[in-house]
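Chemist: This one is run-v4.cif, mmCIF, C-alpha atoms.
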data_upload
loop_
_atom_site.label_atom_id
_atom_site.label_comp_id
_atom_site.auth_asym_id
_atom_site.auth_seq_id
_atom_site.Cartn_x
_atom_site.Cartn_y
_atom_site.Cartn_z
CA MET A 1 216.72 198.53 86.85
CA ALA A 2 214.66 196.33 89.13
CA LEU A 3 211.54 194.78 87.75
CA GLU A 4 208.46 196.25 89.39
CA LEU A 5 205.93 193.63 90.27
CA PRO A 6 202.55 194.44 91.75
CA GLU A 7 202.33 193.53 95.41
CA ASN A 8 199.75 190.84 95.13
CA VAL A 9 201.56 188.75 92.52
CA VAL A 10 203.48 186.84 95.16
CA VAL A 11 200.37 186.32 97.25
CA SER A 12 198.26 185.10 94.37
CA ARG A 13 200.99 182.71 93.28
CA LEU A 14 201.22 181.43 96.82
CA ASP A 15 197.48 181.09 96.84
CA GLU A 16 197.58 179.00 93.70
CA LEU A 17 200.35 176.89 95.13
CA ALA A 18 198.46 176.34 98.35
CA SER A 19 195.29 175.48 96.48
CA TRP A 20 197.21 173.08 94.26
CA CYS A 21 198.66 171.35 97.28
CA ARG A 22 195.31 171.16 99.03
CA LYS A 23 193.38 169.88 96.07
CA ASN A 24 195.86 167.12 95.38
CA SER A 25 195.84 165.79 98.91
CA LEU A 26 192.21 165.77 99.91
CA TRP A 27 191.85 163.33 102.76
CA PRO A 28 188.25 162.18 102.98
CA MET A 29 186.23 161.76 106.13
CA PRO A 30 183.82 159.03 105.12
CA PHE A 31 180.50 159.79 106.71
CA ALA A 32 178.92 156.67 105.30
CA THR A 33 175.53 155.96 106.77
CA ALA A 34 173.86 153.70 104.21
CA CYS A 35 174.14 152.07 100.79
CA CYS A 36 176.25 154.83 99.27
CA GLY A 37 178.88 153.86 101.80
CA ILE A 38 179.36 150.62 99.92
CA GLU A 39 180.03 152.51 96.72
CA LEU A 40 182.37 154.77 98.63
CA MET A 41 184.30 151.73 99.76
CA ALA A 42 184.32 150.47 96.18
CA THR A 43 185.71 153.80 95.03
CA GLY A 44 188.53 153.49 97.50
CA ALA A 45 189.23 149.91 96.59
CA ALA A 46 191.61 148.61 93.97
CA LYS A 47 189.60 148.86 90.77
CA HIS A 48 188.53 152.50 91.01
CA ASP A 49 191.37 153.71 93.11
CA LEU A 50 190.64 156.98 94.83
CA ALA A 51 194.16 157.17 96.20
CA ARG A 52 195.52 158.15 92.84
CA PHE A 53 193.73 161.49 93.27
CA GLY A 54 195.36 162.18 96.56
CA ALA A 55 192.79 160.62 98.85
CA GLU A 56 195.41 158.33 100.20
CA VAL A 57 193.82 157.61 103.56
CA PHE A 58 190.19 157.52 104.67
CA ARG A 59 190.69 158.92 108.11
CA PHE A 60 187.81 158.33 110.44
CA SER A 61 188.85 161.13 112.69
CA PRO A 62 187.50 164.52 111.64
CA ARG A 63 190.56 166.23 113.08
CA GLN A 64 192.71 164.71 110.38
CA CYS A 65 190.52 165.24 107.34
CA ASP A 66 189.62 168.02 105.02
CA LEU A 67 186.90 166.51 102.89
CA MET A 68 183.71 165.11 104.36
CA ILE A 69 181.86 162.74 102.05
CA VAL A 70 178.33 162.24 103.32
CA ALA A 71 177.28 158.98 101.73
CA GLY A 72 173.80 157.81 102.52
CA ARG A 73 170.61 159.05 104.05
CA VAL A 74 170.90 161.09 107.23
CA ALA A 75 168.18 160.53 109.80
CA MET A 76 167.08 163.35 112.05
CA LYS A 77 168.62 161.49 114.96
CA MET A 78 171.96 161.48 113.17
CA LEU A 79 171.95 165.10 112.07
CA PRO A 80 173.36 166.62 115.30
CA VAL A 81 176.17 164.07 115.06
CA LEU A 82 176.83 165.13 111.48
CA GLN A 83 176.94 168.76 112.52
CA ARG A 84 179.31 168.01 115.35
CA ILE A 85 181.67 166.10 113.05
CA TRP A 86 181.56 168.99 110.57
CA LEU A 87 182.44 171.46 113.31
CA GLN A 88 185.31 169.30 114.46
CA MET A 89 186.96 169.35 111.07
CA HIS A 90 189.69 171.91 110.60
CA GLU A 91 189.60 174.66 108.02
CA PRO A 92 189.92 174.53 105.02
CA LYS A 93 187.28 171.90 104.62
CA TRP A 94 184.86 170.87 101.94
CA CYS A 95 181.83 168.63 101.77
CA ILE A 96 180.57 166.28 99.13
CA SER A 97 176.99 165.13 99.32
CA MET A 98 177.05 161.69 97.74
CA GLY A 99 173.92 160.08 96.46
CA ALA A 100 170.31 161.13 96.21
CA CYS A 101 169.55 160.73 99.90
CA ALA A 102 172.25 163.04 101.13
CA SER A 103 171.41 165.60 98.47
CA THR A 104 167.65 165.72 98.72
CA GLY A 105 166.44 162.90 100.91
CA GLY A 106 166.15 160.56 97.93
CA VAL A 107 163.18 158.24 97.93
CA PHE A 108 162.74 158.65 101.68
CA ASP A 109 160.39 161.61 102.04
CA THR A 110 159.47 160.58 105.58
CA TYR A 111 159.25 162.05 109.04
CA ALA A 112 162.65 160.84 110.09
CA VAL A 113 164.93 161.54 107.11
CA VAL A 114 166.50 164.93 106.53
CA GLN A 115 165.60 166.10 103.04
CA GLY A 116 169.06 167.09 102.00
CA ILE A 117 171.99 167.75 104.26
CA ASP A 118 172.59 171.10 102.55
CA ARG A 119 169.76 172.44 104.66
CA PHE A 120 172.11 172.21 107.63
CA ILE A 121 175.69 171.85 106.35
CA PRO A 122 177.45 173.88 103.66
CA VAL A 123 177.87 171.49 100.72
CA ASP A 124 180.31 172.04 97.88
CA MET A 125 179.57 169.21 95.50
CA TYR A 126 176.55 167.01 94.89
CA VAL A 127 176.78 163.58 93.32
CA PRO A 128 173.42 162.29 92.05
CA GLY A 129 172.75 158.61 91.85
CA CYS A 130 171.29 155.81 93.87
CA PRO A 131 174.02 154.87 94.40
CA PRO A 132 176.36 156.81 92.16
CA ARG A 133 178.89 154.70 90.38
CA PRO A 134 182.49 155.04 91.53
CA GLU A 135 183.30 156.86 88.33
CA GLN A 136 180.70 159.51 89.21
CA LEU A 137 182.21 160.01 92.63
CA ILE A 138 185.66 160.31 91.10
CA GLN A 139 184.30 162.89 88.68
CA ALA A 140 182.87 164.78 91.64
CA ILE A 141 186.23 164.79 93.34
CA ILE A 142 187.91 166.02 90.17
CA ASP A 143 185.31 168.80 89.91
CA LEU A 144 185.89 169.65 93.54
CA GLN A 145 189.58 169.88 92.85
CA ASP A 146 188.86 172.33 90.07
CA LYS A 147 186.65 174.29 92.42
CA ILE A 148 189.36 174.43 95.07
CA GLN A 149 191.91 175.62 92.54
CA ARG A 150 189.51 178.21 91.20
CA GLU A 151 188.30 179.62 94.47
CA GLY A 152 191.48 179.54 96.43
CA THR A 153 191.72 179.85 100.16
CA ILE A 154 193.43 183.16 100.82
CA ALA A 155 190.77 185.19 99.09
CA GLY A 156 188.17 183.39 101.15
CA ARG A 157 185.70 183.05 98.35
CA GLU A 158 184.31 179.86 99.74
CA PHE A 159 182.60 182.00 102.32
CA GLU A 160 180.40 183.48 99.65
CA THR A 161 178.18 180.46 99.87
CA ARG A 162 176.18 182.06 102.67
CA GLU A 163 173.69 183.79 100.40
CA ARG A 164 173.26 180.68 98.32
CA GLN A 165 172.61 178.66 101.41
CA PHE A 166 170.00 180.98 102.79
CA ARG A 167 168.18 181.21 99.50
CA LYS A 168 167.91 177.47 99.56
CA ARG A 169 166.62 177.62 103.11
CA ALA A 170 163.56 179.34 101.70
CA LEU A 171 162.55 175.99 100.25
CA VAL A 172 162.10 174.57 103.71
CA GLU A 173 158.53 173.67 104.35
CA ALA A 174 156.61 175.69 106.90
CA VAL A 175 157.74 174.68 110.34
CA ALA A 176 154.40 174.40 112.09
CA PRO A 177 153.78 173.86 115.81
CA LEU A 178 156.26 171.16 116.27
CA SER A 179 156.13 167.76 117.77
CA ILE A 180 159.65 168.09 119.07
CA ASP A 181 160.35 169.20 122.58
CA ALA A 182 162.73 172.09 122.06
CA ALA A 183 163.37 172.45 125.77
CA ARG A 184 165.07 169.08 125.90
CA ASN A 185 167.03 169.20 122.68
CA PRO A 186 170.57 170.29 123.51
CA VAL A 187 171.40 171.41 119.97
CA ILE A 188 168.40 173.74 119.80
CA GLN A 189 169.04 175.04 123.30
CA ARG A 190 172.63 175.88 122.53
CA GLU A 191 171.55 177.59 119.35
CA LEU A 192 169.06 179.70 121.25
CA ARG A 193 171.62 180.70 123.82
CA PHE A 194 174.49 181.33 121.40
CA PRO A 195 172.80 182.10 118.13
CA ARG A 196 174.84 182.06 114.99
CA SER A 197 173.25 184.77 112.95
CA MET B 1 160.64 112.77 110.32
CA THR B 2 157.04 113.55 111.09
CA PRO B 3 156.13 117.22 111.09
CA PRO B 4 155.67 118.74 114.53
CA PRO B 5 152.16 118.56 115.91
CA PRO B 6 150.02 121.61 115.43
CA THR B 7 148.92 123.76 118.32
CA ALA B 8 145.80 121.66 118.59
CA ASP B 9 146.71 120.41 122.04
CA ILE B 10 147.73 123.68 123.67
CA VAL B 11 144.81 125.76 122.45
CA PRO B 12 142.11 123.51 123.97
CA ALA B 13 143.97 123.64 127.26
CA LEU B 14 143.98 127.42 126.94
CA MET B 15 140.25 127.49 126.24
CA ALA B 16 139.63 125.29 129.24
CA ARG B 17 141.61 127.56 131.49
CA PHE B 18 140.25 130.84 130.09
CA PRO B 19 136.74 130.29 128.79
CA GLY B 20 135.43 132.83 126.36
CA LEU B 21 138.52 133.46 124.25
CA GLU B 22 137.96 133.77 120.55
CA THR B 23 140.18 131.68 118.31
CA SER B 24 140.44 131.28 114.58
CA ALA B 25 142.70 129.50 112.16
CA TYR B 26 143.74 130.33 108.63
CA ARG B 27 146.06 128.27 106.47
CA GLY B 28 147.78 126.68 109.39
CA GLN B 29 148.10 129.84 111.50
CA THR B 30 146.18 129.89 114.76
CA ARG B 31 145.09 133.13 116.33
CA VAL B 32 143.75 133.85 119.79
CA VAL B 33 142.05 137.13 120.68
CA VAL B 34 142.45 138.18 124.28
CA GLY B 35 140.96 141.04 126.20
CA GLU B 36 143.28 143.27 128.15
CA PRO B 37 142.30 142.29 131.71
CA VAL B 38 143.64 138.75 131.27
CA SER B 39 146.34 139.35 128.65
CA LEU B 40 149.27 138.84 130.99
CA GLU B 41 147.78 135.68 132.48
CA VAL B 42 147.08 134.21 129.06
CA LEU B 43 150.57 134.97 127.80
CA SER B 44 152.16 133.57 130.95
CA PHE B 45 150.09 130.41 130.55
CA LEU B 46 151.21 130.05 126.95
CA ALA B 47 154.84 130.61 127.89
CA ALA B 48 154.63 127.90 130.51
CA ALA B 49 152.83 125.57 128.09
CA GLY B 50 155.71 125.59 125.65
CA PHE B 51 155.75 128.85 123.72
CA ASP B 52 159.10 129.95 125.01
CA LEU B 53 160.06 132.27 122.15
CA LEU B 54 158.47 135.67 121.71
CA VAL B 55 159.14 136.40 118.07
CA ASP B 56 157.68 139.88 117.83
CA VAL B 57 155.36 142.38 119.44
CA THR B 58 153.78 144.81 117.05
CA CYS B 59 150.62 146.82 116.62
CA VAL B 60 148.04 147.74 114.02
CA ASP B 61 146.19 151.06 114.05
CA TYR B 62 142.61 150.55 112.87
CA LEU B 63 141.72 154.22 112.84
CA GLU B 64 140.44 154.35 109.27
CA TYR B 65 139.61 150.68 108.89
CA ARG B 66 136.04 150.00 107.85
CA GLY B 67 134.15 148.08 110.47
CA ALA B 68 136.74 148.38 113.22
CA THR B 69 135.55 148.85 116.78
CA ARG B 70 138.77 149.23 118.75
CA ARG B 71 141.67 151.33 117.61
CA TYR B 72 144.87 149.47 118.41
CA GLY B 73 145.40 145.76 117.86
CA LEU B 74 148.54 144.45 119.49
CA VAL B 75 150.03 141.36 117.92
CA TYR B 76 152.15 138.92 119.90
CA LEU B 77 153.87 136.33 117.73
CA LEU B 78 154.82 133.30 119.78
CA ALA B 79 156.81 130.26 118.80
CA SER B 80 157.81 127.05 120.48
CA MET B 81 161.40 126.07 119.99
CA ALA B 82 160.80 122.43 120.91
CA THR B 83 157.98 121.73 118.50
CA ALA B 84 158.26 124.66 116.03
CA ASP B 85 154.64 125.63 116.62
CA ARG B 86 153.58 129.20 116.14
CA LEU B 87 150.72 131.12 117.63
CA ILE B 88 149.37 134.61 117.21
CA VAL B 89 147.83 136.41 120.17
CA ARG B 90 145.85 139.60 119.56
CA VAL B 91 145.08 142.14 122.26
CA PHE B 92 142.86 145.08 121.38
CA VAL B 93 143.04 148.37 123.24
CA ASP B 94 141.31 151.65 122.75
CA ASP B 95 142.19 155.24 122.50
CA PRO B 96 142.29 157.44 125.54
CA ASP B 97 145.47 156.16 127.24
CA PRO B 98 145.97 152.80 125.58
CA ALA B 99 147.76 150.56 128.04
CA VAL B 100 148.52 146.89 128.51
CA ARG B 101 150.65 145.11 131.02
CA SER B 102 154.20 144.40 130.02
CA VAL B 103 155.33 140.82 129.40
CA VAL B 104 158.97 141.55 130.15
CA GLY B 105 158.74 139.24 133.15
CA VAL B 106 157.70 136.38 130.88
CA TRP B 107 160.03 136.90 127.92
CA ARG B 108 163.07 139.16 128.25
CA SER B 109 163.02 139.91 124.54
CA ALA B 110 159.85 141.94 125.07
CA ASP B 111 162.03 144.71 126.48
CA TRP B 112 162.96 146.38 123.20
CA LEU B 113 159.94 145.07 121.31
CA GLU B 114 157.61 146.92 123.67
CA ARG B 115 159.84 149.99 123.57
CA GLU B 116 159.42 150.02 119.81
CA VAL B 117 155.61 149.79 120.09
CA TRP B 118 155.62 152.58 122.65
CA ASP B 119 157.80 154.71 120.39
CA MET B 120 155.72 154.17 117.26
CA PHE B 121 152.16 153.90 118.62
CA GLY B 122 152.14 155.31 122.11
CA ILE B 123 150.81 152.23 123.88
CA ASP B 124 151.83 152.28 127.51
CA PHE B 125 153.27 149.04 128.85
CA VAL B 126 152.56 148.99 132.56
CA GLY B 127 155.39 147.43 134.49
CA HIS B 128 158.07 147.87 131.86
CA PRO B 129 161.38 148.68 133.53
CA ASP B 130 162.65 151.20 130.99
CA LEU B 131 159.93 152.47 128.67
CA ARG B 132 161.55 155.11 126.50
CA ARG B 133 162.00 155.81 122.84
CA LEU B 134 163.96 153.36 120.81
CA MET B 135 164.21 154.63 117.24
CA MET B 136 163.06 158.25 117.33
CA PRO B 137 165.18 160.76 119.24
CA GLU B 138 164.38 161.29 122.90
CA GLN B 139 162.97 164.76 122.34
CA PHE B 140 160.40 163.56 119.82
CA THR B 141 156.91 163.91 121.17
CA ALA B 142 154.64 162.33 118.57
CA HIS B 143 154.04 158.65 117.77
CA PRO B 144 154.81 158.35 114.08
CA LEU B 145 153.13 155.12 113.01
CA ARG B 146 149.68 156.20 114.09
CA LYS B 147 147.35 156.75 111.19
CA ASP B 148 146.73 160.38 112.07
CA TYR B 149 150.42 161.25 111.88
CA PRO B 150 151.44 162.46 108.41
CA LEU B 151 154.14 160.60 106.51
CA GLN B 152 156.31 163.66 106.07
CA GLY B 153 155.99 164.55 109.72
CA ARG B 154 155.05 167.86 111.23
CA GLY B 155 158.31 169.68 110.60
CA GLU B 156 160.47 167.96 113.20
CA ARG B 157 162.93 166.73 110.61
CA HIS B 158 163.95 170.30 109.77
CA ASN B 159 163.86 171.83 113.21
CA PHE B 160 167.61 171.98 113.57
CA PRO B 161 170.10 174.84 113.51
CA VAL B 162 171.77 175.66 110.22
CA LEU B 163 175.54 175.70 109.98
CA THR B 164 176.97 178.07 107.41
CA ARG B 165 180.51 178.53 106.19
CA GLU B 166 181.26 181.26 108.69
CA ASP B 167 180.28 179.10 111.61
CA GLY B 168 183.40 177.05 111.20
#
For this file, produce the structure as structure tokens.

Modeler:
Amino acid sequence: MALELPENVVVSRLDELASWCRKNSLWPMPFATACCGIELMATGAAKHDLARFGAEVFRFSPRQCDLMIVAGRVAMKMLPVLQRIWLQMHEPKWCISMGACASTGGVFDTYAVVQGIDRFIPVDMYVPGCPPRPEQLIQAIIDLQDKIQREGTIAGREFETRERQFRKRALVEAVAPLSIDAARNPVIQRELRFPRS
Amino acid sequence: MTPPPPTADIVPALMARFPGLETSAYRGQTRVVVGEPVSLEVLSFLAAAGFDLLVDVTCVDYLEYRGATRRYGLVYLLASMATADRLIVRVFVDDPDPAVRSVVGVWRSADWLEREVWDMFGIDFVGHPDLRRLMMPEQFTAHPLRKDYPLQGRGERHNFPVLTREDG
């Protein structure tokens, strides 16, 4: 008598296998803009070796990466570049916001620094610190690996971050009559023409 | 080696050429205050007299300063590479359409220095070949280092589209 297995056993096992493979070979895209970039380099160096967790190469091409580590403060002039790099990365992709400046703007609550990249990019893991020690970044990558294994990629549960992201958007300060010329900003113009609802 | 001579010989020549300039000295730093109509001539004279290095061009906004009469005080920091003298030249301009003449023809380094002052304070440099924003993005319309511009900005830093997971 053949053993009856439910249909989705094979798929869920494949999902776990795929998640296991993906989490153990996360290739980072180092988006290092400031001081946290130094700690990112230190994490990849010999003493705190990030390669032992699968991050064997720090590819600087977004087409070859699946983990974007935003290390450092992101200025408003840099944000469209950050968004373009994020869009150029292939699925499945994850994002780590390293340091206080990438998470919330840090000490720089000024007119030119974005107060947290999660206002504009979906972020999976935050690493507090100014700068965070390499051990903290390694802990964040381990936690991200657990998250990848837990969420999986076939079920698509990483897409459930939409509601969380829009609730956070409610914290954005009131966008008053702006001193930015929307007619000449190509990112805003493209968004108005092809809105992503 | 004897220390280089102070600017004592150039400044009297300047006063002889342009009577009516106000000068002061403080702890070895000499300062000359120039009105806008003759600013370019004074700076050209100083460049020819030996101040061949323009160290910096910056500006101070005296909007809330007690006792101030003019709003913007431009600061030209000059240095002489032969004698290591330094000199400070101040040019004061006022609010509706602040403008001075550009010194790019005298010192090439004034190119980006004046672009920075235009970007941050909105002072027009007449005769500058390429006066556009240097540090803020091109679409920015305000001048952030003026005293009436808030530190956190007016919302420009968050006026960008949001990318969510579904957007790819």

Chemist: Which residue out of B:Ile123, B:Ala48, B:Leu40, B:Met135 has the minimum interatomic distance to chain A when all atoms listed in the file are used?

Modeler: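 Counting all atoms listed in the file, the residue closest to chain A is B:Met135.
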
Chemist: Carefully work through the PyMOL selection byres ((chain B and resi 49) around 12) for this structure and note down the residues it includes, as a list in words.

Modeler: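 Applied to this file, the PyMOL selection byres ((chain B and resi 49) around 12) selects Thr7, Asp9, Ile10, Val11, Pro12, Ala13, Leu14, Arg17, Val42, Leu43, Ser44, Phe45, Leu46, Ala47, Ala48, Gly50, Phe51, Asp52, Leu53, Leu78, Ala79, Ser80, Met81, Ala82, Thr83 and Asp85 of chain B.
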
Chemist: What residues come out when you apply the PyMOL selection byres ((chain A and resi 26) around 6) to this file, written as a list in words?

Modeler: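 On this input, the PyMOL selection byres ((chain A and resi 26) around 6) captures Lys23, Asn24, Ser25, Trp27, Gly54 and Ala55 of chain A.
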
Chemist: Let's have the selection written as a PDB file, in the coordinates of the input, with C-alpha atoms.

Modeler:
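Saved as result_32.pdb:
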ATOM      1  CA  LYS A  23     193.380 169.880  96.070  1.00  0.00           C
ATOM      2  CA  ASN A  24     195.860 167.120  95.380  1.00  0.00           C
ATOM      3  CA  SER A  25     195.840 165.790  98.910  1.00  0.00           C
ATOM      4  CA  TRP A  27     191.850 163.330 102.760  1.00  0.00           C
ATOM      5  CA  GLY A  54     195.360 162.180  96.560  1.00  0.00           C
ATOM      6  CA  ALA A  55     192.790 160.620  98.850  1.00  0.00           C
TER       7      ALA A  55
END

Chemist: From the set B:Gln29, B:Ser109, B:Thr23, B:Gln152, which residue has the shortest atom-to-atom contact distance to A:Ala112, counting only C-alpha atoms?

Modeler: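 Nearest to A:Ala112: B:Gln152.
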
Chemist: Which neighbours of A:Trp86 fall inside 9 Å, counting only C-alpha atoms, when residues of the same chain fewer than 2 positions from it are skipped, and could you give them as a list of chain:residue names?

Modeler: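 Returned residues: A:Pro62, A:Met68, A:Val81, A:Leu82, A:Gln83, A:Arg84, A:Gln88, A:Met89, A:His90, A:Lys93, A:Cys95, A:Ile121, B:Gly168.
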
Chemist: If you measure from atom CA of A:Val70 to atom CA of A:Pro134, what distance in Å do you get, rounded to one decimal?

Modeler: 14.4 Å

Chemist: Of the candidates B:Asp61, B:Glu22, B:Glu116, B:Asp111, which shows the shortest atom-to-atom distance to B:Pro98, using all atoms listed in the file?

Modeler: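 Distance minimum relative to B:Pro98 lands on B:Asp61.
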
Chemist: Nearest residue to B:Arg31 out of B:Val75, B:Ala68, B:Val55, B:Val60, using all atoms listed in the file?

Modeler: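 Result for the nearest residue to B:Arg31: B:Val75.
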
Chemist: Please measure the separation of atom CA of A:Thr33 and atom CA of A:Leu144, giving the value in Å to one decimal.

Modeler: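 Going from atom CA of A:Thr33 over to atom CA of A:Leu144 covers 21.7 Å.
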
Chemist: Provide as a VMD selection string the residues of chain B at most 12 Å from chain A, counting only C-alpha atoms.

Modeler: chain B and resid 120 133 to 145 149 to 168

Chemist: So, with all atoms listed in the file as the atoms that count, which of A:Met29, A:Met98, A:Cys35, A:Met125 lies closest to A:Phe58?

Modeler: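 Checking each of A:Met29, A:Met98, A:Cys35, A:Met125 against A:Phe58, counting all atoms listed in the file, the winner is A:Met29.
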
Chemist: Would you mind reading off the distance between atom CA of A:Pro28 and atom CA of A:Cys65, one decimal, in Å?

Modeler: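 One can read the atom CA of A:Pro28 to atom CA of A:Cys65 distance as 5.8 Å.
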
Chemist: Skip A:Trp20 itself and residues of its chain fewer than 4 positions away, then list as a PyMOL selection string all residues within 12 Å of it, counting only C-alpha atoms.

Modeler: chain A and resi 13-16+24-26+54+144-153

Chemist: Which residue is closest to B:Ser24? Choose from B:Val89, B:Leu77, B:Val104, B:Val126 and count only C-alpha atoms.

Modeler: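 Closest to B:Ser24, using only C-alpha atoms: B:Val89.
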
Chemist: Using the incomplete input, complete stretch 130-153 of chain B to the level of N, CA and C atoms; output as a JSON list (two decimals), keeping the file's coordinate frame.

Modeler:
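Once everything was written out, this is part.json:
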[["chain", "number", "residue", "atom", "x", "y", "z"],
["B", 130, "ASP", "N", 161.92, 150.08, 131.59],
["B", 130, "ASP", "CA", 162.65, 151.20, 130.99],
["B", 130, "ASP", "C", 161.93, 151.62, 129.72],
["B", 131, "LEU", "N", 160.73, 152.18, 129.86],
["B", 131, "LEU", "CA", 159.93, 152.47, 128.67],
["B", 131, "LEU", "C", 160.31, 153.83, 128.13],
["B", 132, "ARG", "N", 161.21, 153.85, 127.15],
["B", 132, "ARG", "CA", 161.55, 155.11, 126.50],
["B", 132, "ARG", "C", 161.71, 154.85, 125.02],
["B", 133, "ARG", "N", 161.97, 155.91, 124.29],
["B", 133, "ARG", "CA", 162.00, 155.81, 122.84],
["B", 133, "ARG", "C", 163.17, 154.97, 122.39],
["B", 134, "LEU", "N", 162.92, 154.24, 121.33],
["B", 134, "LEU", "CA", 163.96, 153.36, 120.81],
["B", 134, "LEU", "C", 164.54, 153.89, 119.51],
["B", 135, "MET", "N", 163.72, 154.25, 118.55],
["B", 135, "MET", "CA", 164.21, 154.63, 117.24],
["B", 135, "MET", "C", 164.15, 156.12, 117.00],
["B", 136, "MET", "N", 163.12, 156.80, 117.48],
["B", 136, "MET", "CA", 163.06, 158.25, 117.33],
["B", 136, "MET", "C", 163.93, 158.89, 118.41],
["B", 137, "PRO", "N", 164.39, 160.12, 118.19],
["B", 137, "PRO", "CA", 165.18, 160.76, 119.24],
["B", 137, "PRO", "C", 164.36, 161.01, 120.49],
["B", 138, "GLU", "N", 165.05, 161.18, 121.61],
["B", 138, "GLU", "CA", 164.38, 161.29, 122.90],
["B", 138, "GLU", "C", 163.45, 162.47, 122.96],
["B", 139, "GLN", "N", 163.79, 163.55, 122.22],
["B", 139, "GLN", "CA", 162.97, 164.76, 122.34],
["B", 139, "GLN", "C", 161.73, 164.72, 121.46],
["B", 140, "PHE", "N", 161.56, 163.68, 120.70],
["B", 140, "PHE", "CA", 160.40, 163.56, 119.82],
["B", 140, "PHE", "C", 159.17, 163.35, 120.67],
["B", 141, "THR", "N", 158.09, 164.01, 120.32],
["B", 141, "THR", "CA", 156.91, 163.91, 121.17],
["B", 141, "THR", "C", 155.75, 163.18, 120.51],
["B", 142, "ALA", "N", 155.77, 162.98, 119.22],
["B", 142, "ALA", "CA", 154.64, 162.33, 118.57],
["B", 142, "ALA", "C", 154.92, 160.83, 118.44],
["B", 143, "HIS", "N", 153.90, 160.09, 118.02],
["B", 143, "HIS", "CA", 154.04, 158.65, 117.77],
["B", 143, "HIS", "C", 153.82, 158.42, 116.29],
["B", 144, "PRO", "N", 154.90, 158.21, 115.54],
["B", 144, "PRO", "CA", 154.81, 158.35, 114.08],
["B", 144, "PRO", "C", 154.00, 157.33, 113.32],
["B", 145, "LEU", "N", 153.84, 156.08, 113.84],
["B", 145, "LEU", "CA", 153.13, 155.12, 113.01],
["B", 145, "LEU", "C", 151.63, 155.12, 113.24],
["B", 146, "ARG", "N", 151.12, 156.06, 114.01],
["B", 146, "ARG", "CA", 149.68, 156.20, 114.09],
["B", 146, "ARG", "C", 149.15, 156.73, 112.78],
["B", 147, "LYS", "N", 147.89, 156.38, 112.49],
["B", 147, "LYS", "CA", 147.35, 156.75, 111.19],
["B", 147, "LYS", "C", 147.09, 158.24, 111.06],
["B", 148, "ASP", "N", 146.98, 158.94, 112.18],
["B", 148, "ASP", "CA", 146.73, 160.38, 112.07],
["B", 148, "ASP", "C", 148.01, 161.19, 112.10],
["B", 149, "TYR", "N", 149.15, 160.53, 111.98],
["B", 149, "TYR", "CA", 150.42, 161.25, 111.88],
["B", 149, "TYR", "C", 150.85, 161.26, 110.42],
["B", 150, "PRO", "N", 151.13, 162.43, 109.84],
["B", 150, "PRO", "CA", 151.44, 162.46, 108.41],
["B", 150, "PRO", "C", 152.79, 161.81, 108.10],
["B", 151, "LEU", "N", 152.92, 161.30, 106.89],
["B", 151, "LEU", "CA", 154.14, 160.60, 106.51],
["B", 151, "LEU", "C", 155.35, 161.51, 106.55],
["B", 152, "GLN", "N", 155.17, 162.75, 106.08],
["B", 152, "GLN", "CA", 156.31, 163.66, 106.07],
["B", 152, "GLN", "C", 156.56, 164.30, 107.43],
["B", 153, "GLY", "N", 155.79, 163.97, 108.40],
["B", 153, "GLY", "CA", 155.99, 164.55, 109.72],
["B", 153, "GLY", "C", 155.39, 165.94, 109.83]]
